[in-house]
Amino acid sequence: MVQDHSSPKPSKPLFMKHKVSHYSETKNLDFSTWVSENSVKLFVVSLLTISVAALFYLRTSSVPTTLLCFQNSHQSLPQKPKLPKLELDSVQPIVDKSSPFSSFHSEQWIIVSVSDYPSGPLQSLVRLKGWQVLAIGNSRTPKDWNLKGAIYLSLEQQASLGFRVTDFLPYDSYVRKSVGYLFAIQHGAKRIFDADDRGEVIAGDLGKHFDLELDGAAAKQQRILQYSLEIENKTVVNPYIHFGQRSVWPRGLPLDSVGFVNHEEFYTEVSGGRQYIQQGISNGLPDVDSVFYSTRKVGSEALDIIFDEHAPKVALPQSLMVPINSFNTLFHYNAFWSLMLPVSVSTMASDVLRGYWAQRLLWEVGGFVVVYPPSVHRDDKVEAYPFSEEKDLHVNVGRLIKFLVSWRSEKQGLYEKILELSHTMALEGFWSENDVKFTAAWLHDLAAVGYQQPRLMAVQLDLQKATVQHGDKKEFVPRKLPSVHLGVEESGTVNYEIGNLIRWRKNFGNVVLIMFVAGPVQQTALEWRLLYGRVFKTVVILSTQADADLAVEQGQLDQVYKYLPRILERFNSTEGFLFLQDNTVLNYWNLLQADKSKLWIANKVPTSRNMINGKDSSWFVKQAELVKKVVSTMPVHLQVNYKESGPTDQSIALCGSEVFYVPQRFVQDFVDLVDLVGDLDIHQKIAVPMFFMAMDLPQNFDTLLNKMVYKTGASSTNSLKLYSAQVPAVHPLAVSTESEFIKLIRLMAAGDPLLMELV
């Protein structure tokens, strides 16, 4: 047992019982009485305060006084995103009359965004036969940018084209490629290769890597390997496993899917001709997220990861998705409507969210995505980007995929379905109303440049999945290629570490972690999800202030137990729920021995009265009275358990409650107890031990958490020296900045080497 031995060990080591006297003289602190006695003083002070504040505001603000009331009212009543109206029949054609290329037509286009002078790979793209490169400038592009053989559109030229979408585009972002897509469609495009200026096409021929022809008999008769749907509730795959790199994952893969590294037991097949979106794999620096890039490499050494070029291309059936990017993807005409890059999400999330959005809508026209062997090589420039640019990925992508697979539409036209889905995604918080308006502008622009939308096909999502017969099962065993990521050569050591991650995920993959973050949630919410989301089913974060962008829900720490029932109701098929406060670090690798069918709480670590700061004896008297009131209303099985645990009418149990676990079999009891408390003002550290002693006898609790490091007198700041990787949890230990989080990760890597050092 690792704990603070400065406190005397109680003879009966259960919850600390704090004696409270019902006969101590205490002043009446009834709020209504105090207000009535001091009403005159309150009125005068309030009037003076409001007057001074108003005068100060009016002197320093440029807002007219007549607008003050209106503005306050407007801010307190957020409006739901509105569904724009499509008026496609009245759209006037947009003809290129302003650019020097008005008469130029080509069926095959390569669209890139450029912020610097032409790179070597971009100059190679210009030399690809049969393809026209279109470079889209932004506010960072040099004024004298020029590349022979490429069409370049500056900001001024883009604005002169008359497209509606330009009103929504940021000046300094690659999402301005949306203008380029429209320009290419306007000028005869049948195929568009979405690329960047860092990728060099292997062997200099896109036709060797992708299926450029889909209409001929040969294209429609080819049989393409396809992922199976044998695994229940599987909605997303890591395609890198299929191509030989099982420890690498693409940007946009939910982090809770990273630990699944086994290859498919079997595949099926599908006929070709409808692979309207074709995603290529990149050698060298593949499309990986900042978590991989920052933690899976040796110092400043560039990544150079090679995939299996001989692995067969593989298709995605309906209800199964894959991350799609914007720098190595071929779009056929029937998928041009899906090229729109959202504008209201973080930079590194835009193309990934577009990809998932597009896949769901692609099923409506009978199309599917195919992933192809390595087609480009990208050099690693050793330029990492911060987690914040991927915020909308790690926070929302798992929930987005589940939402999209379950989404249904009764609309009769593709464009109506597209707009409806964009609107619903805004309502669900995946992007903002600006992207709903942007979608409407995009669809009107598509109509204006003459794009013909494909016809709808029957969606197979609601059909019962047929059992795959033995003769229809196709086998393919991916190669295990060597890799120099993870800080070491992939070997038995790495396999062992990955095996540990899988074992932890298997043990806790159906347990929900509910975390209260008292610190700056904007700086730490994402990091906590990255850390614990690899192991638990999901991480639900509560904080004093809700944050929809970060999927943070509102709660109050002193009574956070009252916010748990609505979360428990959302996840009623899980094994249990683990609560954790952000001033406590959980070493999940040391929890494997704990019994998930029992209650967990640190009821035998040293504690003291000062665990609830600022509370005097009269406060404890009132808490005891409230506890007694709740106990008197408990049903028989809960009341008997509680009274057998030992507390008397003159004592209450006090426990830290920074970390505790409730298995599914006790969830209903927990919810019922919260209901019994109702509006009573019982503190978290008193309510939770009361609940636990009512749900079961303390001798039946799992004792593992009693081995945690628990320092009652220590400060939670600058407390990294308390950390030990050998115990189940450490308290207090709080992080409030990214640098502190990195220091913590370095320490935790002693127990989970896959975390690695963030250096």
# chains A, B, ... in the order shown; residues from 1 in each chain; ligands from 1
>>> residues_around(residues="Gln554 (chain A)", least_positions_apart="5", cutoff="10 Å", atoms="only C-alpha atoms", output="number ranges by chain")
A: 516, 541-548, 560, 563
>>> select_by_dssp(residues="region 540-663 of chain A", states="strand (DSSP E)", output="PyMOL selection string")
chain A and resi 540-543+552-554+576-581+585-586+600-601+651-654+659-663
>>> residues_around(residues="region 102-105 of chain A", least_positions_apart="6", cutoff="9 Å", atoms="only C-alpha atoms", output="list of chain:residue names")
A:Val95, A:Asp96, A:Ala184, A:Gln186, A:His187, A:Gly188, A:Ala189
>>> closest_residue(among="A:Arg127, A:His310, A:Lys474, A:Arg378", to="Ala150 (chain A)", atoms="only C-alpha atoms")
A:Arg127
>>> closest_residue(among="A:Asp211, A:Leu316, A:Val236, A:Val376", to="Ser282 (chain A)", atoms="only C-alpha atoms")
A:Val376
>>> decode(residues="region 401-421 of chain A", atoms="N, CA and C atoms", output="PDB file, in the first residue's frame")
ATOM      1  N   ILE A 401     -19.290   9.263 -37.076  1.00  0.00           N
ATOM      2  CA  ILE A 401     -19.426   8.043 -37.874  1.00  0.00           C
ATOM      3  C   ILE A 401     -20.688   7.287 -37.476  1.00  0.00           C
ATOM      4  N   LYS A 402     -20.912   7.156 -36.175  1.00  0.00           N
ATOM      5  CA  LYS A 402     -22.113   6.449 -35.714  1.00  0.00           C
ATOM      6  C   LYS A 402     -23.380   7.190 -36.161  1.00  0.00           C
ATOM      7  N   PHE A 403     -23.326   8.512 -36.092  1.00  0.00           N
ATOM      8  CA  PHE A 403     -24.475   9.306 -36.535  1.00  0.00           C
ATOM      9  C   PHE A 403     -24.748   9.088 -38.018  1.00  0.00           C
ATOM     10  N   LEU A 404     -23.702   9.136 -38.835  1.00  0.00           N
ATOM     11  CA  LEU A 404     -23.883   9.019 -40.282  1.00  0.00           C
ATOM     12  C   LEU A 404     -24.429   7.649 -40.674  1.00  0.00           C
ATOM     13  N   VAL A 405     -23.932   6.604 -40.050  1.00  0.00           N
ATOM     14  CA  VAL A 405     -24.404   5.261 -40.382  1.00  0.00           C
ATOM     15  C   VAL A 405     -25.881   5.103 -40.034  1.00  0.00           C
ATOM     16  N   SER A 406     -26.325   5.791 -38.992  1.00  0.00           N
ATOM     17  CA  SER A 406     -27.724   5.672 -38.566  1.00  0.00           C
ATOM     18  C   SER A 406     -28.645   6.679 -39.260  1.00  0.00           C
ATOM     19  N   TRP A 407     -28.076   7.643 -39.995  1.00  0.00           N
ATOM     20  CA  TRP A 407     -28.880   8.712 -40.610  1.00  0.00           C
ATOM     21  C   TRP A 407     -29.703   8.168 -41.775  1.00  0.00           C
ATOM     22  N   ARG A 408     -30.948   8.623 -41.843  1.00  0.00           N
ATOM     23  CA  ARG A 408     -31.834   8.251 -42.949  1.00  0.00           C
ATOM     24  C   ARG A 408     -32.519   9.515 -43.477  1.00  0.00           C
ATOM     25  N   SER A 409     -32.890   9.502 -44.758  1.00  0.00           N
ATOM     26  CA  SER A 409     -33.542  10.664 -45.362  1.00  0.00           C
ATOM     27  C   SER A 409     -34.684  10.204 -46.254  1.00  0.00           C
ATOM     28  N   GLU A 410     -35.780  10.960 -46.213  1.00  0.00           N
ATOM     29  CA  GLU A 410     -36.935  10.679 -47.061  1.00  0.00           C
ATOM     30  C   GLU A 410     -36.985  11.619 -48.268  1.00  0.00           C
ATOM     31  N   LYS A 411     -35.981  12.483 -48.415  1.00  0.00           N
ATOM     32  CA  LYS A 411     -35.971  13.411 -49.539  1.00  0.00           C
ATOM     33  C   LYS A 411     -35.871  12.652 -50.858  1.00  0.00           C
ATOM     34  N   GLN A 412     -36.411  13.265 -51.914  1.00  0.00           N
ATOM     35  CA  GLN A 412     -36.517  12.589 -53.202  1.00  0.00           C
ATOM     36  C   GLN A 412     -35.398  12.928 -54.172  1.00  0.00           C
ATOM     37  N   GLY A 413     -34.587  13.915 -53.863  1.00  0.00           N
ATOM     38  CA  GLY A 413     -33.491  14.300 -54.743  1.00  0.00           C
ATOM     39  C   GLY A 413     -32.165  14.299 -54.012  1.00  0.00           C
ATOM     40  N   LEU A 414     -31.073  14.070 -54.736  1.00  0.00           N
ATOM     41  CA  LEU A 414     -29.759  14.017 -54.111  1.00  0.00           C
ATOM     42  C   LEU A 414     -29.408  15.340 -53.445  1.00  0.00           C
ATOM     43  N   TYR A 415     -29.610  16.461 -54.157  1.00  0.00           N
ATOM     44  CA  TYR A 415     -29.244  17.747 -53.585  1.00  0.00           C
ATOM     45  C   TYR A 415     -30.039  18.042 -52.308  1.00  0.00           C
ATOM     46  N   GLU A 416     -31.306  17.630 -52.305  1.00  0.00           N
ATOM     47  CA  GLU A 416     -32.114  17.836 -51.095  1.00  0.00           C
ATOM     48  C   GLU A 416     -31.571  17.000 -49.938  1.00  0.00           C
ATOM     49  N   LYS A 417     -31.129  15.794 -50.228  1.00  0.00           N
ATOM     50  CA  LYS A 417     -30.531  14.943 -49.198  1.00  0.00           C
ATOM     51  C   LYS A 417     -29.224  15.552 -48.696  1.00  0.00           C
ATOM     52  N   ILE A 418     -28.421  16.077 -49.631  1.00  0.00           N
ATOM     53  CA  ILE A 418     -27.141  16.688 -49.251  1.00  0.00           C
ATOM     54  C   ILE A 418     -27.375  17.843 -48.292  1.00  0.00           C
ATOM     55  N   LEU A 419     -28.300  18.720 -48.635  1.00  0.00           N
ATOM     56  CA  LEU A 419     -28.568  19.883 -47.792  1.00  0.00           C
ATOM     57  C   LEU A 419     -29.170  19.462 -46.457  1.00  0.00           C
ATOM     58  N   GLU A 420     -30.032  18.467 -46.484  1.00  0.00           N
ATOM     59  CA  GLU A 420     -30.638  17.994 -45.238  1.00  0.00           C
ATOM     60  C   GLU A 420     -29.577  17.429 -44.299  1.00  0.00           C
ATOM     61  N   LEU A 421     -28.646  16.647 -44.829  1.00  0.00           N
ATOM     62  CA  LEU A 421     -27.596  16.072 -43.984  1.00  0.00           C
ATOM     63  C   LEU A 421     -26.696  17.171 -43.423  1.00  0.00           C
TER      64      LEU A 421
END
